[in-house]
file entry01.txt (compact mmCIF, N, CA and C atoms)
# COMPACT_ATOMS: atom_id res chain seq x y z
N MET A 1 -23.73 -11.99 -17.29
CA MET A 1 -22.80 -11.06 -17.91
C MET A 1 -23.29 -9.64 -17.63
N PRO A 2 -22.43 -8.77 -17.14
CA PRO A 2 -22.88 -7.41 -16.81
C PRO A 2 -23.18 -6.60 -18.06
N GLN A 3 -24.16 -5.72 -17.95
CA GLN A 3 -24.51 -4.82 -19.05
C GLN A 3 -23.81 -3.48 -18.83
N PHE A 4 -23.20 -2.99 -19.85
CA PHE A 4 -22.52 -1.70 -19.78
C PHE A 4 -23.27 -0.71 -20.66
N PRO A 5 -23.30 0.55 -20.26
CA PRO A 5 -23.97 1.53 -21.13
C PRO A 5 -23.21 1.65 -22.46
N LEU A 6 -23.98 1.87 -23.50
CA LEU A 6 -23.36 2.05 -24.82
C LEU A 6 -22.60 3.36 -24.86
N PRO A 7 -21.48 3.38 -25.58
CA PRO A 7 -20.81 4.66 -25.80
C PRO A 7 -21.77 5.61 -26.54
N GLU A 8 -21.72 6.87 -26.21
CA GLU A 8 -22.62 7.86 -26.82
C GLU A 8 -22.58 7.84 -28.35
N PRO A 9 -21.41 7.69 -28.99
CA PRO A 9 -21.42 7.64 -30.45
C PRO A 9 -22.23 6.46 -31.00
N MET A 10 -22.19 5.31 -30.32
CA MET A 10 -22.98 4.17 -30.80
C MET A 10 -24.46 4.42 -30.55
N ARG A 11 -24.80 5.07 -29.45
CA ARG A 11 -26.19 5.43 -29.20
C ARG A 11 -26.70 6.33 -30.33
N ARG A 12 -25.88 7.30 -30.76
CA ARG A 12 -26.26 8.20 -31.86
C ARG A 12 -26.39 7.41 -33.16
N ALA A 13 -25.47 6.48 -33.41
CA ALA A 13 -25.55 5.65 -34.62
C ALA A 13 -26.84 4.84 -34.64
N LEU A 14 -27.25 4.31 -33.50
CA LEU A 14 -28.51 3.57 -33.42
C LEU A 14 -29.71 4.48 -33.69
N ASP A 15 -29.66 5.70 -33.19
CA ASP A 15 -30.73 6.66 -33.48
C ASP A 15 -30.80 6.95 -34.98
N LEU A 16 -29.64 7.08 -35.61
CA LEU A 16 -29.61 7.31 -37.06
C LEU A 16 -30.15 6.11 -37.82
N ALA A 17 -29.86 4.91 -37.32
CA ALA A 17 -30.39 3.70 -37.95
C ALA A 17 -31.92 3.70 -37.90
N LYS A 18 -32.48 4.15 -36.78
CA LYS A 18 -33.94 4.25 -36.67
C LYS A 18 -34.49 5.27 -37.67
N THR A 19 -33.78 6.35 -37.86
CA THR A 19 -34.19 7.34 -38.85
C THR A 19 -34.21 6.72 -40.24
N ALA A 20 -33.19 5.93 -40.56
CA ALA A 20 -33.14 5.26 -41.86
C ALA A 20 -34.36 4.36 -42.03
N ALA A 21 -34.68 3.58 -41.00
CA ALA A 21 -35.84 2.68 -41.08
C ALA A 21 -37.12 3.47 -41.30
N ASP A 22 -37.26 4.57 -40.61
CA ASP A 22 -38.46 5.42 -40.76
C ASP A 22 -38.60 5.94 -42.18
N ARG A 23 -37.49 6.03 -42.90
CA ARG A 23 -37.51 6.54 -44.28
C ARG A 23 -37.53 5.41 -45.31
N GLY A 24 -37.69 4.17 -44.83
CA GLY A 24 -37.75 3.03 -45.73
C GLY A 24 -36.40 2.51 -46.17
N GLU A 25 -35.33 2.96 -45.52
CA GLU A 25 -33.98 2.49 -45.83
C GLU A 25 -33.59 1.41 -44.83
N VAL A 26 -32.68 0.54 -45.22
CA VAL A 26 -32.16 -0.48 -44.29
C VAL A 26 -31.57 0.26 -43.09
N PRO A 27 -31.97 -0.13 -41.87
CA PRO A 27 -31.58 0.63 -40.68
C PRO A 27 -30.12 0.45 -40.26
N VAL A 28 -29.28 1.28 -40.84
CA VAL A 28 -27.87 1.33 -40.47
C VAL A 28 -27.51 2.80 -40.26
N GLY A 29 -26.82 3.07 -39.16
CA GLY A 29 -26.37 4.42 -38.86
C GLY A 29 -24.88 4.41 -38.53
N ALA A 30 -24.22 5.55 -38.76
CA ALA A 30 -22.78 5.64 -38.52
C ALA A 30 -22.40 7.05 -38.08
N VAL A 31 -21.38 7.13 -37.24
CA VAL A 31 -20.82 8.42 -36.85
C VAL A 31 -19.30 8.33 -36.84
N VAL A 32 -18.67 9.43 -37.19
CA VAL A 32 -17.21 9.57 -37.12
C VAL A 32 -16.91 10.51 -35.96
N VAL A 33 -15.97 10.10 -35.13
CA VAL A 33 -15.61 10.84 -33.93
C VAL A 33 -14.13 11.19 -33.97
N LYS A 34 -13.82 12.43 -33.60
CA LYS A 34 -12.43 12.86 -33.44
C LYS A 34 -12.33 13.63 -32.14
N ASP A 35 -11.38 13.25 -31.32
CA ASP A 35 -11.17 13.91 -30.02
C ASP A 35 -12.46 13.99 -29.21
N GLY A 36 -13.25 12.93 -29.25
CA GLY A 36 -14.46 12.85 -28.45
C GLY A 36 -15.68 13.55 -29.02
N ALA A 37 -15.55 14.21 -30.16
CA ALA A 37 -16.68 14.93 -30.75
C ALA A 37 -17.10 14.29 -32.07
N ILE A 38 -18.39 14.22 -32.31
CA ILE A 38 -18.89 13.71 -33.59
C ILE A 38 -18.65 14.77 -34.66
N ILE A 39 -17.93 14.37 -35.70
CA ILE A 39 -17.61 15.30 -36.79
C ILE A 39 -18.29 14.92 -38.10
N GLY A 40 -18.93 13.77 -38.13
CA GLY A 40 -19.65 13.33 -39.32
C GLY A 40 -20.62 12.24 -38.93
N GLU A 41 -21.77 12.24 -39.55
CA GLU A 41 -22.74 11.20 -39.27
C GLU A 41 -23.57 10.93 -40.50
N GLY A 42 -24.21 9.78 -40.51
CA GLY A 42 -25.07 9.45 -41.63
C GLY A 42 -25.85 8.18 -41.37
N HIS A 43 -26.84 7.98 -42.19
CA HIS A 43 -27.60 6.73 -42.16
C HIS A 43 -27.75 6.28 -43.61
N ASN A 44 -28.11 5.01 -43.76
CA ASN A 44 -28.30 4.50 -45.11
C ASN A 44 -29.29 5.37 -45.87
N ARG A 45 -28.95 5.66 -47.14
CA ARG A 45 -29.85 6.44 -47.98
C ARG A 45 -29.72 6.14 -49.47
N PRO A 46 -29.38 4.91 -49.85
CA PRO A 46 -29.27 4.61 -51.28
C PRO A 46 -30.57 4.83 -52.04
N ARG A 47 -31.70 4.43 -51.47
CA ARG A 47 -32.97 4.62 -52.18
C ARG A 47 -33.33 6.09 -52.28
N GLU A 48 -33.22 6.78 -51.17
CA GLU A 48 -33.57 8.21 -51.11
C GLU A 48 -32.73 9.04 -52.07
N SER A 49 -31.44 8.73 -52.15
CA SER A 49 -30.54 9.54 -52.98
C SER A 49 -30.27 8.93 -54.35
N HIS A 50 -30.86 7.76 -54.62
CA HIS A 50 -30.61 7.07 -55.89
C HIS A 50 -29.11 6.88 -56.11
N ASP A 51 -28.45 6.45 -55.04
CA ASP A 51 -26.99 6.30 -55.05
C ASP A 51 -26.62 5.00 -54.34
N PRO A 52 -26.19 3.99 -55.06
CA PRO A 52 -25.87 2.71 -54.43
C PRO A 52 -24.70 2.79 -53.46
N THR A 53 -23.93 3.86 -53.50
CA THR A 53 -22.81 4.00 -52.57
C THR A 53 -23.18 4.76 -51.31
N ALA A 54 -24.42 5.17 -51.15
CA ALA A 54 -24.84 6.00 -50.02
C ALA A 54 -25.12 5.16 -48.77
N HIS A 55 -24.17 4.32 -48.41
CA HIS A 55 -24.25 3.57 -47.17
C HIS A 55 -23.94 4.52 -46.01
N ALA A 56 -24.40 4.17 -44.83
CA ALA A 56 -24.22 5.03 -43.65
C ALA A 56 -22.76 5.41 -43.45
N GLU A 57 -21.86 4.46 -43.59
CA GLU A 57 -20.44 4.72 -43.37
C GLU A 57 -19.90 5.74 -44.37
N ILE A 58 -20.27 5.59 -45.64
CA ILE A 58 -19.80 6.50 -46.68
C ILE A 58 -20.32 7.90 -46.43
N VAL A 59 -21.60 8.01 -46.08
CA VAL A 59 -22.20 9.31 -45.80
C VAL A 59 -21.47 9.99 -44.64
N ALA A 60 -21.21 9.23 -43.57
CA ALA A 60 -20.52 9.78 -42.40
C ALA A 60 -19.07 10.15 -42.71
N ILE A 61 -18.38 9.32 -43.46
CA ILE A 61 -16.99 9.61 -43.83
C ILE A 61 -16.92 10.86 -44.71
N ARG A 62 -17.82 10.98 -45.66
CA ARG A 62 -17.84 12.18 -46.51
C ARG A 62 -18.06 13.45 -45.69
N ALA A 63 -19.00 13.38 -44.74
CA ALA A 63 -19.28 14.55 -43.90
C ALA A 63 -18.07 14.90 -43.04
N ALA A 64 -17.41 13.90 -42.47
CA ALA A 64 -16.24 14.16 -41.62
C ALA A 64 -15.09 14.73 -42.44
N ALA A 65 -14.86 14.17 -43.61
CA ALA A 65 -13.78 14.67 -44.47
C ALA A 65 -14.04 16.12 -44.88
N ALA A 66 -15.29 16.44 -45.19
CA ALA A 66 -15.63 17.82 -45.55
C ALA A 66 -15.40 18.75 -44.36
N LYS A 67 -15.79 18.30 -43.17
CA LYS A 67 -15.62 19.13 -41.97
C LYS A 67 -14.14 19.40 -41.69
N LEU A 68 -13.31 18.37 -41.86
CA LEU A 68 -11.87 18.53 -41.60
C LEU A 68 -11.13 19.14 -42.78
N GLY A 69 -11.74 19.13 -43.95
CA GLY A 69 -11.06 19.62 -45.14
C GLY A 69 -9.89 18.72 -45.53
N ASN A 70 -10.08 17.41 -45.30
CA ASN A 70 -9.00 16.46 -45.56
C ASN A 70 -9.61 15.09 -45.83
N GLU A 71 -9.11 14.41 -46.85
CA GLU A 71 -9.62 13.07 -47.15
C GLU A 71 -9.10 12.02 -46.18
N ARG A 72 -8.09 12.35 -45.44
CA ARG A 72 -7.54 11.43 -44.44
C ARG A 72 -8.12 11.75 -43.08
N LEU A 73 -8.73 10.76 -42.47
CA LEU A 73 -9.38 10.93 -41.17
C LEU A 73 -8.54 10.26 -40.08
N GLU A 74 -7.25 10.55 -40.12
CA GLU A 74 -6.33 9.97 -39.13
C GLU A 74 -6.73 10.43 -37.73
N GLY A 75 -6.67 9.49 -36.79
CA GLY A 75 -7.04 9.80 -35.42
C GLY A 75 -8.55 9.78 -35.18
N CYS A 76 -9.31 9.39 -36.18
CA CYS A 76 -10.77 9.34 -36.04
C CYS A 76 -11.25 7.92 -35.81
N ASP A 77 -12.38 7.82 -35.15
CA ASP A 77 -13.05 6.54 -34.91
C ASP A 77 -14.36 6.53 -35.67
N LEU A 78 -14.76 5.35 -36.13
CA LEU A 78 -16.04 5.18 -36.81
C LEU A 78 -16.88 4.20 -36.00
N TYR A 79 -18.09 4.62 -35.66
CA TYR A 79 -19.07 3.77 -34.99
C TYR A 79 -20.17 3.50 -36.00
N VAL A 80 -20.48 2.23 -36.22
CA VAL A 80 -21.53 1.87 -37.17
C VAL A 80 -22.31 0.69 -36.61
N THR A 81 -23.60 0.66 -36.90
CA THR A 81 -24.47 -0.34 -36.28
C THR A 81 -24.36 -1.73 -36.90
N LEU A 82 -23.80 -1.85 -38.09
CA LEU A 82 -23.69 -3.13 -38.78
C LEU A 82 -22.28 -3.29 -39.33
N GLU A 83 -21.79 -4.51 -39.33
CA GLU A 83 -20.48 -4.80 -39.92
C GLU A 83 -20.41 -4.20 -41.32
N PRO A 84 -19.39 -3.39 -41.60
CA PRO A 84 -19.28 -2.77 -42.92
C PRO A 84 -19.12 -3.80 -44.04
N CYS A 85 -19.69 -3.49 -45.20
CA CYS A 85 -19.51 -4.30 -46.40
C CYS A 85 -18.10 -4.05 -46.95
N ALA A 86 -17.75 -4.77 -48.00
CA ALA A 86 -16.42 -4.62 -48.59
C ALA A 86 -16.18 -3.20 -49.11
N MET A 87 -17.19 -2.59 -49.72
CA MET A 87 -17.04 -1.22 -50.23
C MET A 87 -16.72 -0.26 -49.08
N CYS A 88 -17.49 -0.37 -48.00
CA CYS A 88 -17.30 0.53 -46.87
C CYS A 88 -15.98 0.26 -46.16
N ALA A 89 -15.61 -1.02 -46.06
CA ALA A 89 -14.32 -1.35 -45.45
C ALA A 89 -13.18 -0.74 -46.26
N GLY A 90 -13.31 -0.77 -47.58
CA GLY A 90 -12.30 -0.13 -48.43
C GLY A 90 -12.23 1.37 -48.18
N ALA A 91 -13.38 2.01 -48.05
CA ALA A 91 -13.41 3.44 -47.76
C ALA A 91 -12.80 3.74 -46.40
N ILE A 92 -13.05 2.89 -45.42
CA ILE A 92 -12.47 3.06 -44.08
C ILE A 92 -10.95 3.00 -44.16
N ALA A 93 -10.44 2.04 -44.92
CA ALA A 93 -8.99 1.93 -45.09
C ALA A 93 -8.43 3.15 -45.80
N HIS A 94 -9.06 3.58 -46.89
CA HIS A 94 -8.57 4.75 -47.64
C HIS A 94 -8.62 6.02 -46.81
N ALA A 95 -9.62 6.13 -45.93
CA ALA A 95 -9.75 7.32 -45.08
C ALA A 95 -8.78 7.28 -43.89
N ARG A 96 -8.15 6.15 -43.68
CA ARG A 96 -7.20 5.99 -42.57
C ARG A 96 -7.88 6.11 -41.20
N ILE A 97 -9.12 5.61 -41.09
CA ILE A 97 -9.83 5.59 -39.81
C ILE A 97 -8.99 4.77 -38.82
N ALA A 98 -8.81 5.30 -37.61
CA ALA A 98 -7.97 4.62 -36.62
C ALA A 98 -8.65 3.41 -36.00
N ARG A 99 -9.91 3.58 -35.61
CA ARG A 99 -10.63 2.51 -34.92
C ARG A 99 -12.04 2.39 -35.48
N LEU A 100 -12.47 1.14 -35.69
CA LEU A 100 -13.82 0.83 -36.15
C LEU A 100 -14.54 0.09 -35.03
N TYR A 101 -15.69 0.62 -34.64
CA TYR A 101 -16.56 -0.02 -33.66
C TYR A 101 -17.86 -0.34 -34.37
N TYR A 102 -18.28 -1.60 -34.35
CA TYR A 102 -19.55 -1.89 -34.99
C TYR A 102 -20.40 -2.82 -34.14
N GLY A 103 -21.69 -2.80 -34.44
CA GLY A 103 -22.67 -3.55 -33.67
C GLY A 103 -22.86 -4.96 -34.17
N ALA A 104 -23.86 -5.17 -35.02
CA ALA A 104 -24.25 -6.50 -35.47
C ALA A 104 -23.30 -7.03 -36.56
N ASP A 105 -23.06 -8.33 -36.50
CA ASP A 105 -22.34 -9.00 -37.58
C ASP A 105 -23.23 -9.07 -38.81
N ASP A 106 -22.61 -9.16 -39.99
CA ASP A 106 -23.35 -9.33 -41.24
C ASP A 106 -22.76 -10.51 -42.00
N PRO A 107 -23.21 -11.74 -41.66
CA PRO A 107 -22.64 -12.93 -42.31
C PRO A 107 -22.82 -12.96 -43.82
N LYS A 108 -23.89 -12.32 -44.34
CA LYS A 108 -24.13 -12.33 -45.79
C LYS A 108 -23.37 -11.25 -46.53
N GLY A 109 -23.33 -10.05 -45.98
CA GLY A 109 -22.77 -8.92 -46.73
C GLY A 109 -21.58 -8.25 -46.08
N GLY A 110 -21.15 -8.73 -44.93
CA GLY A 110 -20.04 -8.10 -44.24
C GLY A 110 -18.72 -8.27 -44.97
N GLY A 111 -17.84 -7.32 -44.73
CA GLY A 111 -16.52 -7.38 -45.37
C GLY A 111 -15.38 -7.28 -44.40
N VAL A 112 -15.67 -7.38 -43.09
CA VAL A 112 -14.63 -7.22 -42.07
C VAL A 112 -14.25 -8.57 -41.47
N ILE A 113 -15.22 -9.24 -40.83
CA ILE A 113 -14.92 -10.58 -40.30
C ILE A 113 -15.62 -11.66 -41.11
N HIS A 114 -16.45 -11.26 -42.04
CA HIS A 114 -17.12 -12.17 -42.96
C HIS A 114 -16.69 -11.81 -44.38
N GLY A 115 -17.09 -12.65 -45.33
CA GLY A 115 -16.83 -12.35 -46.74
C GLY A 115 -15.37 -12.11 -47.03
N PRO A 116 -15.05 -11.03 -47.71
CA PRO A 116 -13.68 -10.80 -48.17
C PRO A 116 -12.67 -10.42 -47.09
N ARG A 117 -13.13 -10.10 -45.88
CA ARG A 117 -12.23 -9.74 -44.77
C ARG A 117 -11.16 -8.75 -45.26
N VAL A 118 -11.64 -7.62 -45.69
CA VAL A 118 -10.82 -6.61 -46.36
C VAL A 118 -9.55 -6.26 -45.59
N PHE A 119 -9.65 -6.09 -44.28
CA PHE A 119 -8.49 -5.62 -43.51
C PHE A 119 -7.41 -6.68 -43.34
N THR A 120 -7.70 -7.93 -43.70
CA THR A 120 -6.68 -8.99 -43.61
C THR A 120 -5.93 -9.19 -44.92
N GLN A 121 -6.37 -8.51 -45.96
CA GLN A 121 -5.75 -8.69 -47.27
C GLN A 121 -4.37 -8.03 -47.33
N PRO A 122 -3.40 -8.67 -47.94
CA PRO A 122 -2.04 -8.10 -47.99
C PRO A 122 -1.97 -6.80 -48.79
N THR A 123 -2.96 -6.54 -49.64
CA THR A 123 -2.93 -5.33 -50.47
C THR A 123 -3.56 -4.12 -49.80
N VAL A 124 -4.19 -4.28 -48.64
CA VAL A 124 -4.81 -3.14 -47.97
C VAL A 124 -3.71 -2.28 -47.36
N HIS A 125 -3.83 -0.98 -47.54
CA HIS A 125 -2.78 -0.05 -47.09
C HIS A 125 -2.92 0.39 -45.65
N HIS A 126 -4.10 0.24 -45.08
CA HIS A 126 -4.33 0.67 -43.70
C HIS A 126 -5.31 -0.30 -43.03
N ARG A 127 -5.00 -0.67 -41.82
CA ARG A 127 -5.86 -1.56 -41.04
C ARG A 127 -6.26 -0.88 -39.74
N PRO A 128 -7.52 -0.55 -39.59
CA PRO A 128 -7.94 0.06 -38.32
C PRO A 128 -8.01 -1.02 -37.23
N GLU A 129 -7.99 -0.58 -35.99
CA GLU A 129 -8.33 -1.49 -34.90
C GLU A 129 -9.82 -1.75 -35.05
N VAL A 130 -10.25 -2.98 -34.81
CA VAL A 130 -11.66 -3.34 -34.99
C VAL A 130 -12.22 -3.88 -33.69
N TYR A 131 -13.37 -3.33 -33.29
CA TYR A 131 -14.08 -3.77 -32.09
C TYR A 131 -15.52 -4.06 -32.50
N ASP A 132 -15.94 -5.31 -32.34
CA ASP A 132 -17.28 -5.68 -32.77
C ASP A 132 -18.20 -5.96 -31.59
N GLY A 133 -19.48 -6.08 -31.88
CA GLY A 133 -20.47 -6.43 -30.87
C GLY A 133 -20.95 -5.29 -30.00
N ILE A 134 -20.59 -4.05 -30.32
CA ILE A 134 -21.01 -2.89 -29.53
C ILE A 134 -22.48 -2.56 -29.87
N GLY A 135 -23.37 -2.83 -28.94
CA GLY A 135 -24.79 -2.60 -29.21
C GLY A 135 -25.37 -3.59 -30.22
N ALA A 136 -24.76 -4.77 -30.31
CA ALA A 136 -25.15 -5.76 -31.32
C ALA A 136 -26.61 -6.18 -31.21
N GLY A 137 -27.09 -6.40 -29.99
CA GLY A 137 -28.47 -6.85 -29.82
C GLY A 137 -29.48 -5.86 -30.35
N GLU A 138 -29.29 -4.60 -30.00
CA GLU A 138 -30.23 -3.57 -30.46
C GLU A 138 -30.12 -3.36 -31.97
N ALA A 139 -28.90 -3.36 -32.49
CA ALA A 139 -28.71 -3.18 -33.93
C ALA A 139 -29.33 -4.33 -34.71
N ALA A 140 -29.11 -5.56 -34.26
CA ALA A 140 -29.68 -6.72 -34.93
C ALA A 140 -31.20 -6.70 -34.84
N GLY A 141 -31.74 -6.26 -33.70
CA GLY A 141 -33.18 -6.16 -33.54
C GLY A 141 -33.81 -5.20 -34.52
N LEU A 142 -33.16 -4.05 -34.74
CA LEU A 142 -33.67 -3.08 -35.71
C LEU A 142 -33.74 -3.70 -37.11
N LEU A 143 -32.70 -4.42 -37.48
CA LEU A 143 -32.66 -5.05 -38.80
C LEU A 143 -33.72 -6.14 -38.92
N LYS A 144 -33.82 -6.97 -37.90
CA LYS A 144 -34.80 -8.06 -37.92
C LYS A 144 -36.22 -7.51 -38.05
N ASP A 145 -36.54 -6.49 -37.25
CA ASP A 145 -37.88 -5.90 -37.30
C ASP A 145 -38.15 -5.25 -38.65
N PHE A 146 -37.15 -4.58 -39.19
CA PHE A 146 -37.30 -3.91 -40.48
C PHE A 146 -37.65 -4.92 -41.58
N PHE A 147 -36.88 -6.00 -41.65
CA PHE A 147 -37.11 -6.98 -42.72
C PHE A 147 -38.37 -7.80 -42.47
N ALA A 148 -38.71 -8.07 -41.21
CA ALA A 148 -39.93 -8.81 -40.90
C ALA A 148 -41.16 -8.02 -41.36
N ALA A 149 -41.13 -6.72 -41.23
CA ALA A 149 -42.25 -5.87 -41.63
C ALA A 149 -42.43 -5.84 -43.15
N ARG A 150 -41.40 -6.22 -43.89
CA ARG A 150 -41.48 -6.18 -45.35
C ARG A 150 -41.80 -7.53 -45.98
N ARG A 151 -41.91 -8.56 -45.14
CA ARG A 151 -42.20 -9.90 -45.67
C ARG A 151 -43.65 -10.21 -45.60
call {"tool": "encode", "arguments": {"input": "entry01.txt", "output": "structure tokens"}}
result
Amino acid sequence: MPQFPLPEPMRRALDLAKTAADRGEVPVGAVVVKDGAIIGEGHNRPRESHDPTAHAEIVAIRAAAAKLGNERLEGCDLYVTLEPCAMCAGAIAHARIARLYYGADDPKGGGVIHGPRVFTQPTVHHRPEVYDGIGAGEAAGLLKDFFAARR
């Protein structure tokens, strides 16, 4: 199977995930892109900020919304290193993100293709296009190494 270079936003998300790991947070990074430019980024920081909602996706969405001065991120893409949880998937829907690109699957905590499958629910108001497996090997490796070091 041929190897393709990662899109630059996913490369940045992986770098942010490494930053999270260096700070003792679960290594997940996310970036929001509009018209080819990163307008918001973040990494997991619930422990650092004492905020259980400070997942990488939420941090990136908040930064992008502040930059645009709008809670709706129509026409924006979100790149994240791990399948979003149900909370983050709900935020993605509310923000009207156009496309979601993510790396590793999360069979235990995911909310997109695992668990509650938020975007398939009849009550969800917006469904982004979803592309999975982007940089999955590297993203999964970061998570595996992080948790192995703590056992």
call {"tool": "select_by_dssp", "arguments": {"input": "entry01.txt", "residues": "segment 48-121 of chain A", "states": "strand (DSSP E)", "output": "ChimeraX atom specification"}}
result
/A:76-82,99-104
call {"tool": "residues_around", "arguments": {"input": "entry01.txt", "residues": "segment 117-121 of chain A", "least_positions_apart": "4", "cutoff": "8 Å", "atoms": "all atoms listed in the file", "output": "MDAnalysis selection string"}}
result
chainID A and resid 85:86 89:90 93 110:113 125:128
call {"tool": "write_last_selection", "arguments": {"input": "entry01.txt", "atoms": "N, CA and C atoms", "output": "PDB file, in the frame of the given file"}}
result
ATOM      1  N   CYS A  85     -19.690  -3.490 -45.200  1.00  0.00           N
ATOM      2  CA  CYS A  85     -19.510  -4.300 -46.400  1.00  0.00           C
ATOM      3  C   CYS A  85     -18.100  -4.050 -46.950  1.00  0.00           C
ATOM      4  N   ALA A  86     -17.750  -4.770 -48.000  1.00  0.00           N
ATOM      5  CA  ALA A  86     -16.420  -4.620 -48.590  1.00  0.00           C
ATOM      6  C   ALA A  86     -16.180  -3.200 -49.110  1.00  0.00           C
ATOM      7  N   ALA A  89     -15.610  -1.020 -46.060  1.00  0.00           N
ATOM      8  CA  ALA A  89     -14.320  -1.350 -45.450  1.00  0.00           C
ATOM      9  C   ALA A  89     -13.180  -0.740 -46.260  1.00  0.00           C
ATOM     10  N   GLY A  90     -13.310  -0.770 -47.580  1.00  0.00           N
ATOM     11  CA  GLY A  90     -12.300  -0.130 -48.430  1.00  0.00           C
ATOM     12  C   GLY A  90     -12.230   1.370 -48.180  1.00  0.00           C
ATOM     13  N   ALA A  93     -10.440   2.040 -44.920  1.00  0.00           N
ATOM     14  CA  ALA A  93      -8.990   1.930 -45.090  1.00  0.00           C
ATOM     15  C   ALA A  93      -8.430   3.150 -45.800  1.00  0.00           C
ATOM     16  N   GLY A 110     -21.150  -8.730 -44.930  1.00  0.00           N
ATOM     17  CA  GLY A 110     -20.040  -8.100 -44.240  1.00  0.00           C
ATOM     18  C   GLY A 110     -18.720  -8.270 -44.970  1.00  0.00           C
ATOM     19  N   GLY A 111     -17.840  -7.320 -44.730  1.00  0.00           N
ATOM     20  CA  GLY A 111     -16.520  -7.380 -45.370  1.00  0.00           C
ATOM     21  C   GLY A 111     -15.380  -7.280 -44.400  1.00  0.00           C
ATOM     22  N   VAL A 112     -15.670  -7.380 -43.090  1.00  0.00           N
ATOM     23  CA  VAL A 112     -14.630  -7.220 -42.070  1.00  0.00           C
ATOM     24  C   VAL A 112     -14.250  -8.570 -41.470  1.00  0.00           C
ATOM     25  N   ILE A 113     -15.220  -9.240 -40.830  1.00  0.00           N
ATOM     26  CA  ILE A 113     -14.920 -10.580 -40.300  1.00  0.00           C
ATOM     27  C   ILE A 113     -15.620 -11.660 -41.110  1.00  0.00           C
ATOM     28  N   HIS A 125      -3.830  -0.980 -47.540  1.00  0.00           N
ATOM     29  CA  HIS A 125      -2.780  -0.050 -47.090  1.00  0.00           C
ATOM     30  C   HIS A 125      -2.920   0.390 -45.650  1.00  0.00           C
ATOM     31  N   HIS A 126      -4.100   0.240 -45.080  1.00  0.00           N
ATOM     32  CA  HIS A 126      -4.330   0.670 -43.700  1.00  0.00           C
ATOM     33  C   HIS A 126      -5.310  -0.300 -43.030  1.00  0.00           C
ATOM     34  N   ARG A 127      -5.000  -0.670 -41.820  1.00  0.00           N
ATOM     35  CA  ARG A 127      -5.860  -1.560 -41.040  1.00  0.00           C
ATOM     36  C   ARG A 127      -6.260  -0.880 -39.740  1.00  0.00           C
ATOM     37  N   PRO A 128      -7.520  -0.550 -39.590  1.00  0.00           N
ATOM     38  CA  PRO A 128      -7.940   0.060 -38.320  1.00  0.00           C
ATOM     39  C   PRO A 128      -8.010  -1.020 -37.230  1.00  0.00           C
TER      40      PRO A 128
END
call {"tool": "closest_residue", "arguments": {"input": "entry01.txt", "among": "A:Ala140, A:Gly135, A:Arg23, A:Val124", "to": "Arg11 of chain A", "atoms": "all atoms listed in the file"}}
result
A:Gly135
call {"tool": "atom_distance", "arguments": {"input": "entry01.txt", "atom1": "atom CA of Glu138 of chain A", "atom2": "atom N of Ser49 of chain A"}}
result
25.0 Å
call {"tool": "closest_residue", "arguments": {"input": "entry01.txt", "among": "A:Glu8, A:Asp105, A:Asp35, A:Glu41", "to": "Pro84 of chain A", "atoms": "only N, CA and C atoms"}}
result
A:Asp105
call {"tool": "closest_residue", "arguments": {"input": "entry01.txt", "among": "A:Asn70, A:Thr81, A:Thr19, A:Asn44", "to": "Gly103 of chain A", "atoms": "all atoms listed in the file"}}
result
A:Thr81
call {"tool": "closest_residue", "arguments": {"input": "entry01.txt", "among": "A:Leu82, A:Ala104, A:Ala54, A:Val59", "to": "Gly42 of chain A", "atoms": "only C-alpha atoms"}}
result
A:Val59
call {"tool": "closest_residue", "arguments": {"input": "entry01.txt", "among": "A:Met10, A:Ala95, A:Ala136, A:Ala37", "to": "Tyr79 of chain A", "atoms": "only C-alpha atoms"}}
result
A:Met10
call {"tool": "closest_residue", "arguments": {"input": "entry01.txt", "among": "A:Arg47, A:Arg99, A:Gly137, A:Val80", "to": "Val31 of chain A", "atoms": "all atoms listed in the file"}}
result
A:Val80
call {"tool": "select_by_dssp", "arguments": {"input": "entry01.txt", "residues": "segment 22-98 of chain A", "states": "helix (DSSP H, G or I)", "output": "VMD selection string"}}
result
chain A and resid 22 46 to 49 56 to 68 86 to 95
call {"tool": "atom_distance", "arguments": {"input": "entry01.txt", "atom1": "atom CA of Ile38 of chain A", "atom2": "atom CA of Ile58 of chain A"}}
result
15.0 Å
